[in-house]
Amino acid sequence: MTPRFDAIGLVASDMAASVAFYRRLGFDFPEGVEEQPHAEAGLPGGLRIMLDREESVRSIQPGWQPPTGGGRVSLALRCDSPAEVDSVYGELVGAGYHGELKPWDAVWGQRYAVVLDPDGNGVDLFAPLPGAAQ
């Protein structure tokens, strides 16, 4: 037997805020999960993203505390074009989310930007630049 990658789990300090953020990025969380201790959305390819309230994590690990000093997790979302990187970044920042890194043309051949989710996790937005080898 070999373990297989199945899901990405994030701890949410405010479930409703986290669900709203990820819904803006196209994640299909069911209606009503904002009030639940656990929420899941299916991803293309069969993976899932899971959100758990801090209280849920503490019910399993009583001494758990949120990390300090910046995020340790980032999700990388591929956009269809460099223009979409700019558009999604602008829409999220315009909605009040923290833009950690404004869109730029990275030396590795991608348009790249980073927005933080409500808990400070990085969400990288990227798309290949025209003519760049991928």
# chains A, B, ... in the order shown; residues from 1 in each chain; ligands from 1
call {"tool": "select_by_dssp", "arguments": {"residues": "chain A", "states": "alpha helix (DSSP H)", "output": "PyMOL selection string"}}
result
chain A and resi 15-24+54-60+82-94
call {"tool": "closest_atom_pairs", "arguments": {"of": "segment 3-31 of chain A", "to": "segment 118-121 of chain A", "cutoff": "9 Å", "atoms": "only C-alpha atoms", "output": "tab-separated table"}}
result
residue	atom	partner	partner_atom	distance
A:Leu10	CA	A:Asn121	CA	8.8
A:Val11	CA	A:Asp119	CA	8.0
A:Ala12	CA	A:Asp119	CA	6.5
A:Ser13	CA	A:Asp119	CA	6.6
A:Asp14	CA	A:Pro118	CA	7.7
A:Ala17	CA	A:Pro118	CA	6.5
A:Ser18	CA	A:Pro118	CA	5.9
A:Phe21	CA	A:Pro118	CA	7.5
call {"tool": "write_last_selection", "arguments": {"atoms": "C-alpha atoms", "output": "PDB file, in the first residue's frame"}}
result
ATOM      1  CA  LEU A  10      -5.953  24.712   6.337  1.00  0.00           C
ATOM      2  CA  VAL A  11      -6.948  26.019   9.757  1.00  0.00           C
ATOM      3  CA  ALA A  12      -9.391  28.933   9.620  1.00  0.00           C
ATOM      4  CA  SER A  13      -9.723  31.454  12.418  1.00  0.00           C
ATOM      5  CA  ASP A  14     -12.921  32.758  10.759  1.00  0.00           C
ATOM      6  CA  ALA A  17     -14.175  34.807   5.889  1.00  0.00           C
ATOM      7  CA  SER A  18     -12.042  31.905   4.615  1.00  0.00           C
ATOM      8  CA  PHE A  21     -12.107  34.229   0.075  1.00  0.00           C
TER       9      PHE A  21
END
call {"tool": "select_by_dssp", "arguments": {"residues": "chain A", "states": "strand (DSSP E)", "output": "VMD selection string"}}
result
chain A and resid 7 to 12 38 to 42 48 to 53 74 to 78 99 to 105 110 to 116 122 to 128
call {"tool": "residues_around", "arguments": {"residues": "segment 1-9 of chain A", "least_positions_apart": "4", "cutoff": "8 Å", "atoms": "only C-alpha atoms", "output": "PyMOL selection string"}}
result
chain A and resi 46-52
call {"tool": "write_last_selection", "arguments": {"atoms": "N, CA and C atoms", "output": "PDB file, in the first residue's frame"}}
result
ATOM      1  N   GLY A  46      -9.614  15.495  -8.510  1.00  0.00           N
ATOM      2  CA  GLY A  46     -10.007  14.674  -7.382  1.00  0.00           C
ATOM      3  C   GLY A  46      -9.472  15.088  -6.024  1.00  0.00           C
ATOM      4  N   LEU A  47      -8.582  16.068  -5.970  1.00  0.00           N
ATOM      5  CA  LEU A  47      -8.112  16.548  -4.669  1.00  0.00           C
ATOM      6  C   LEU A  47      -9.210  17.346  -3.980  1.00  0.00           C
ATOM      7  N   ARG A  48      -9.021  17.607  -2.698  1.00  0.00           N
ATOM      8  CA  ARG A  48      -9.948  18.428  -1.935  1.00  0.00           C
ATOM      9  C   ARG A  48      -9.167  19.484  -1.164  1.00  0.00           C
ATOM     10  N   ILE A  49      -9.815  20.611  -0.903  1.00  0.00           N
ATOM     11  CA  ILE A  49      -9.284  21.588   0.046  1.00  0.00           C
ATOM     12  C   ILE A  49     -10.222  21.531   1.249  1.00  0.00           C
ATOM     13  N   MET A  50      -9.625  21.463   2.435  1.00  0.00           N
ATOM     14  CA  MET A  50     -10.399  21.347   3.665  1.00  0.00           C
ATOM     15  C   MET A  50     -10.078  22.524   4.576  1.00  0.00           C
ATOM     16  N   LEU A  51     -11.100  23.062   5.185  1.00  0.00           N
ATOM     17  CA  LEU A  51     -10.943  24.122   6.174  1.00  0.00           C
ATOM     18  C   LEU A  51     -11.483  23.616   7.504  1.00  0.00           C
ATOM     19  N   ASP A  52     -10.732  23.835   8.573  1.00  0.00           N
ATOM     20  CA  ASP A  52     -11.170  23.477   9.913  1.00  0.00           C
ATOM     21  C   ASP A  52     -11.040  24.689  10.816  1.00  0.00           C
TER      22      ASP A  52
END
call {"tool": "residues_around", "arguments": {"residues": "Leu129 of chain A", "least_positions_apart": "3", "cutoff": "6 Å", "atoms": "only C-alpha atoms", "output": "list in words"}}
result
Gly109, Gln110 and Ala132 of chain A
call {"tool": "write_last_selection", "arguments": {"atoms": "all heavy atoms", "output": "PDB file, in the first residue's frame"}}
result
ATOM      1  N   GLY A 109       9.970  33.206 -16.006  1.00  0.00           N
ATOM      2  CA  GLY A 109       9.064  33.157 -17.146  1.00  0.00           C
ATOM      3  C   GLY A 109       7.587  33.117 -16.823  1.00  0.00           C
ATOM      4  O   GLY A 109       6.795  32.614 -17.626  1.00  0.00           O
ATOM      5  N   GLN A 110       7.218  33.661 -15.666  1.00  0.00           N
ATOM      6  CA  GLN A 110       5.807  33.691 -15.294  1.00  0.00           C
ATOM      7  C   GLN A 110       5.409  35.077 -14.811  1.00  0.00           C
ATOM      8  O   GLN A 110       6.217  35.798 -14.232  1.00  0.00           O
ATOM      9  CB  GLN A 110       5.514  32.693 -14.163  1.00  0.00           C
ATOM     10  CG  GLN A 110       5.703  31.256 -14.542  1.00  0.00           C
ATOM     11  CD  GLN A 110       5.538  30.332 -13.355  1.00  0.00           C
ATOM     12  OE1 GLN A 110       5.720  30.722 -12.206  1.00  0.00           O
ATOM     13  NE2 GLN A 110       5.197  29.079 -13.631  1.00  0.00           N
ATOM     14  N   ALA A 132       7.691  32.092 -23.030  1.00  0.00           N
ATOM     15  CA  ALA A 132       8.514  31.482 -21.993  1.00  0.00           C
ATOM     16  C   ALA A 132       8.419  29.971 -22.083  1.00  0.00           C
ATOM     17  O   ALA A 132       7.349  29.413 -22.296  1.00  0.00           O
ATOM     18  CB  ALA A 132       8.054  31.964 -20.613  1.00  0.00           C
TER      19      ALA A 132
END
call {"tool": "residues_around", "arguments": {"residues": "segment 71-78 of chain A", "least_positions_apart": "4", "cutoff": "6 Å", "atoms": "only C-alpha atoms", "output": "PyMOL selection string"}}
result
chain A and resi 120-127
call {"tool": "write_last_selection", "arguments": {"atoms": "N, CA and C atoms", "output": "mmCIF file, in the first residue's frame"}}
result
data_model
loop_
_atom_site.group_PDB
_atom_site.id
_atom_site.type_symbol
_atom_site.label_atom_id
_atom_site.label_comp_id
_atom_site.auth_asym_id
_atom_site.auth_seq_id
_atom_site.Cartn_x
_atom_site.Cartn_y
_atom_site.Cartn_z
ATOM 1 N N GLY A 120 -3.535 34.629 6.639
ATOM 2 C CA GLY A 120 -2.153 34.941 6.313
ATOM 3 C C GLY A 120 -1.438 33.908 5.458
ATOM 4 N N ASN A 121 -2.162 32.911 4.960
ATOM 5 C CA ASN A 121 -1.560 31.935 4.050
ATOM 6 C C ASN A 121 -1.423 32.565 2.672
ATOM 7 N N GLY A 122 -0.304 32.337 2.034
ATOM 8 C CA GLY A 122 -0.088 32.886 0.707
ATOM 9 C C GLY A 122 -0.859 32.125 -0.353
ATOM 10 N N VAL A 123 -1.471 32.862 -1.257
ATOM 11 C CA VAL A 123 -2.095 32.286 -2.441
ATOM 12 C C VAL A 123 -1.376 32.909 -3.631
ATOM 13 N N ASP A 124 -0.539 32.081 -4.273
ATOM 14 C CA ASP A 124 0.257 32.534 -5.408
ATOM 15 C C ASP A 124 -0.583 32.424 -6.677
ATOM 16 N N LEU A 125 -0.606 33.468 -7.444
ATOM 17 C CA LEU A 125 -1.294 33.490 -8.735
ATOM 18 C C LEU A 125 -0.219 33.560 -9.801
ATOM 19 N N PHE A 126 -0.272 32.676 -10.799
ATOM 20 C CA PHE A 126 0.770 32.695 -11.817
ATOM 21 C C PHE A 126 0.217 32.266 -13.167
ATOM 22 N N ALA A 127 0.910 32.679 -14.210
ATOM 23 C CA ALA A 127 0.617 32.269 -15.586
ATOM 24 C C ALA A 127 1.903 32.387 -16.382
#
call {"tool": "closest_atom_pairs", "arguments": {"of": "segment 22-62 of chain A", "to": "segment 85-104 of chain A", "cutoff": "12 Å", "atoms": "only C-alpha atoms", "output": "CSV"}}
result
residue,atom,partner,partner_atom,distance
A:Tyr22,CA,A:Leu92,CA,10.3
A:Arg23,CA,A:Leu92,CA,11.2
A:Arg24,CA,A:Leu92,CA,7.8
A:Leu25,CA,A:Val88,CA,8.0
A:Gly26,CA,A:Val88,CA,10.8
call {"tool": "write_last_selection", "arguments": {"atoms": "N, CA, C and O atoms", "output": "PDB file, in the first residue's frame"}}
result
ATOM      1  N   TYR A  22     -11.985  31.896  -0.588  1.00  0.00           N
ATOM      2  CA  TYR A  22     -11.729  30.810  -1.532  1.00  0.00           C
ATOM      3  C   TYR A  22     -12.846  30.665  -2.568  1.00  0.00           C
ATOM      4  O   TYR A  22     -12.580  30.263  -3.704  1.00  0.00           O
ATOM      5  N   ARG A  23     -14.058  31.029  -2.223  1.00  0.00           N
ATOM      6  CA  ARG A  23     -15.118  31.047  -3.233  1.00  0.00           C
ATOM      7  C   ARG A  23     -14.807  32.073  -4.321  1.00  0.00           C
ATOM      8  O   ARG A  23     -15.089  31.842  -5.495  1.00  0.00           O
ATOM      9  N   ARG A  24     -14.233  33.211  -3.952  1.00  0.00           N
ATOM     10  CA  ARG A  24     -13.854  34.231  -4.948  1.00  0.00           C
ATOM     11  C   ARG A  24     -12.845  33.678  -5.944  1.00  0.00           C
ATOM     12  O   ARG A  24     -12.736  34.155  -7.063  1.00  0.00           O
ATOM     13  N   LEU A  25     -12.089  32.672  -5.518  1.00  0.00           N
ATOM     14  CA  LEU A  25     -11.099  32.049  -6.383  1.00  0.00           C
ATOM     15  C   LEU A  25     -11.666  30.840  -7.131  1.00  0.00           C
ATOM     16  O   LEU A  25     -10.928  30.136  -7.811  1.00  0.00           O
ATOM     17  N   GLY A  26     -12.961  30.578  -6.984  1.00  0.00           N
ATOM     18  CA  GLY A  26     -13.608  29.508  -7.730  1.00  0.00           C
ATOM     19  C   GLY A  26     -13.749  28.183  -7.003  1.00  0.00           C
ATOM     20  O   GLY A  26     -14.210  27.212  -7.590  1.00  0.00           O
TER      21      GLY A  26
END
call {"tool": "atom_distance", "arguments": {"atom1": "atom CA of Pro37 of chain A", "atom2": "atom CA of Ser56 of chain A"}}
result
6.0 Å
call {"tool": "decode", "arguments": {"residues": "segment 114-134 of chain A", "atoms": "N, CA, C and O atoms", "output": "compact mmCIF listing (two decimals), in the first residue's frame"}}
result
# COMPACT_ATOMS: atom_id res chain seq x y z
N VAL A 114 1.10 37.46 -5.27
CA VAL A 114 0.71 36.75 -4.05
C VAL A 114 -0.30 37.59 -3.28
O VAL A 114 -0.09 38.78 -3.04
N VAL A 115 -1.40 36.94 -2.89
CA VAL A 115 -2.43 37.53 -2.04
C VAL A 115 -2.51 36.65 -0.79
O VAL A 115 -2.36 35.42 -0.89
N LEU A 116 -2.74 37.25 0.36
CA LEU A 116 -2.88 36.47 1.59
C LEU A 116 -4.35 36.18 1.86
O LEU A 116 -5.20 37.06 1.72
N ASP A 117 -4.63 34.95 2.29
CA ASP A 117 -5.99 34.61 2.70
C ASP A 117 -6.25 35.23 4.07
O ASP A 117 -5.34 35.84 4.67
N PRO A 118 -7.45 35.12 4.63
CA PRO A 118 -7.74 35.76 5.91
C PRO A 118 -6.85 35.32 7.07
O PRO A 118 -6.73 36.02 8.06
N ASP A 119 -6.19 34.16 6.96
CA ASP A 119 -5.31 33.68 8.02
C ASP A 119 -3.83 33.89 7.71
O ASP A 119 -2.97 33.40 8.43
N GLY A 120 -3.53 34.63 6.64
CA GLY A 120 -2.15 34.94 6.31
C GLY A 120 -1.44 33.91 5.46
O GLY A 120 -0.24 34.02 5.24
N ASN A 121 -2.16 32.91 4.96
CA ASN A 121 -1.56 31.93 4.05
C ASN A 121 -1.42 32.56 2.67
O ASN A 121 -2.34 33.22 2.18
N GLY A 122 -0.30 32.34 2.03
CA GLY A 122 -0.09 32.89 0.71
C GLY A 122 -0.86 32.13 -0.35
O GLY A 122 -0.90 30.90 -0.34
N VAL A 123 -1.47 32.86 -1.26
CA VAL A 123 -2.09 32.29 -2.44
C VAL A 123 -1.38 32.91 -3.63
O VAL A 123 -1.51 34.10 -3.90
N ASP A 124 -0.54 32.08 -4.27
CA ASP A 124 0.26 32.53 -5.41
C ASP A 124 -0.58 32.42 -6.68
O ASP A 124 -1.20 31.38 -6.92
N LEU A 125 -0.61 33.47 -7.44
CA LEU A 125 -1.29 33.49 -8.73
C LEU A 125 -0.22 33.56 -9.80
O LEU A 125 0.67 34.41 -9.72
N PHE A 126 -0.27 32.68 -10.80
CA PHE A 126 0.77 32.70 -11.82
C PHE A 126 0.22 32.27 -13.17
O PHE A 126 -0.81 31.58 -13.26
N ALA A 127 0.91 32.68 -14.21
CA ALA A 127 0.62 32.27 -15.59
C ALA A 127 1.90 32.39 -16.38
O ALA A 127 2.71 33.30 -16.15
N PRO A 128 2.12 31.48 -17.33
CA PRO A 128 3.30 31.58 -18.18
C PRO A 128 3.28 32.87 -18.99
O PRO A 128 2.22 33.31 -19.44
N LEU A 129 4.45 33.49 -19.13
CA LEU A 129 4.58 34.66 -19.99
C LEU A 129 4.66 34.19 -21.45
O LEU A 129 5.19 33.10 -21.70
N PRO A 130 4.15 34.97 -22.39
CA PRO A 130 4.26 34.58 -23.78
C PRO A 130 5.71 34.30 -24.17
O PRO A 130 6.61 35.06 -23.81
N GLY A 131 5.93 33.18 -24.85
CA GLY A 131 7.26 32.85 -25.31
C GLY A 131 8.15 32.20 -24.28
O GLY A 131 9.27 31.80 -24.59
N ALA A 132 7.69 32.09 -23.03
CA ALA A 132 8.51 31.48 -21.99
C ALA A 132 8.42 29.97 -22.08
O ALA A 132 7.35 29.41 -22.30
N ALA A 133 9.53 29.31 -21.90
CA ALA A 133 9.54 27.84 -21.89
C ALA A 133 8.93 27.36 -20.58
O ALA A 133 9.27 27.85 -19.52
N GLN A 134 8.01 26.43 -20.67
CA GLN A 134 7.39 25.87 -19.45
C GLN A 134 7.73 24.43 -19.36
O GLN A 134 7.32 23.48 -19.32
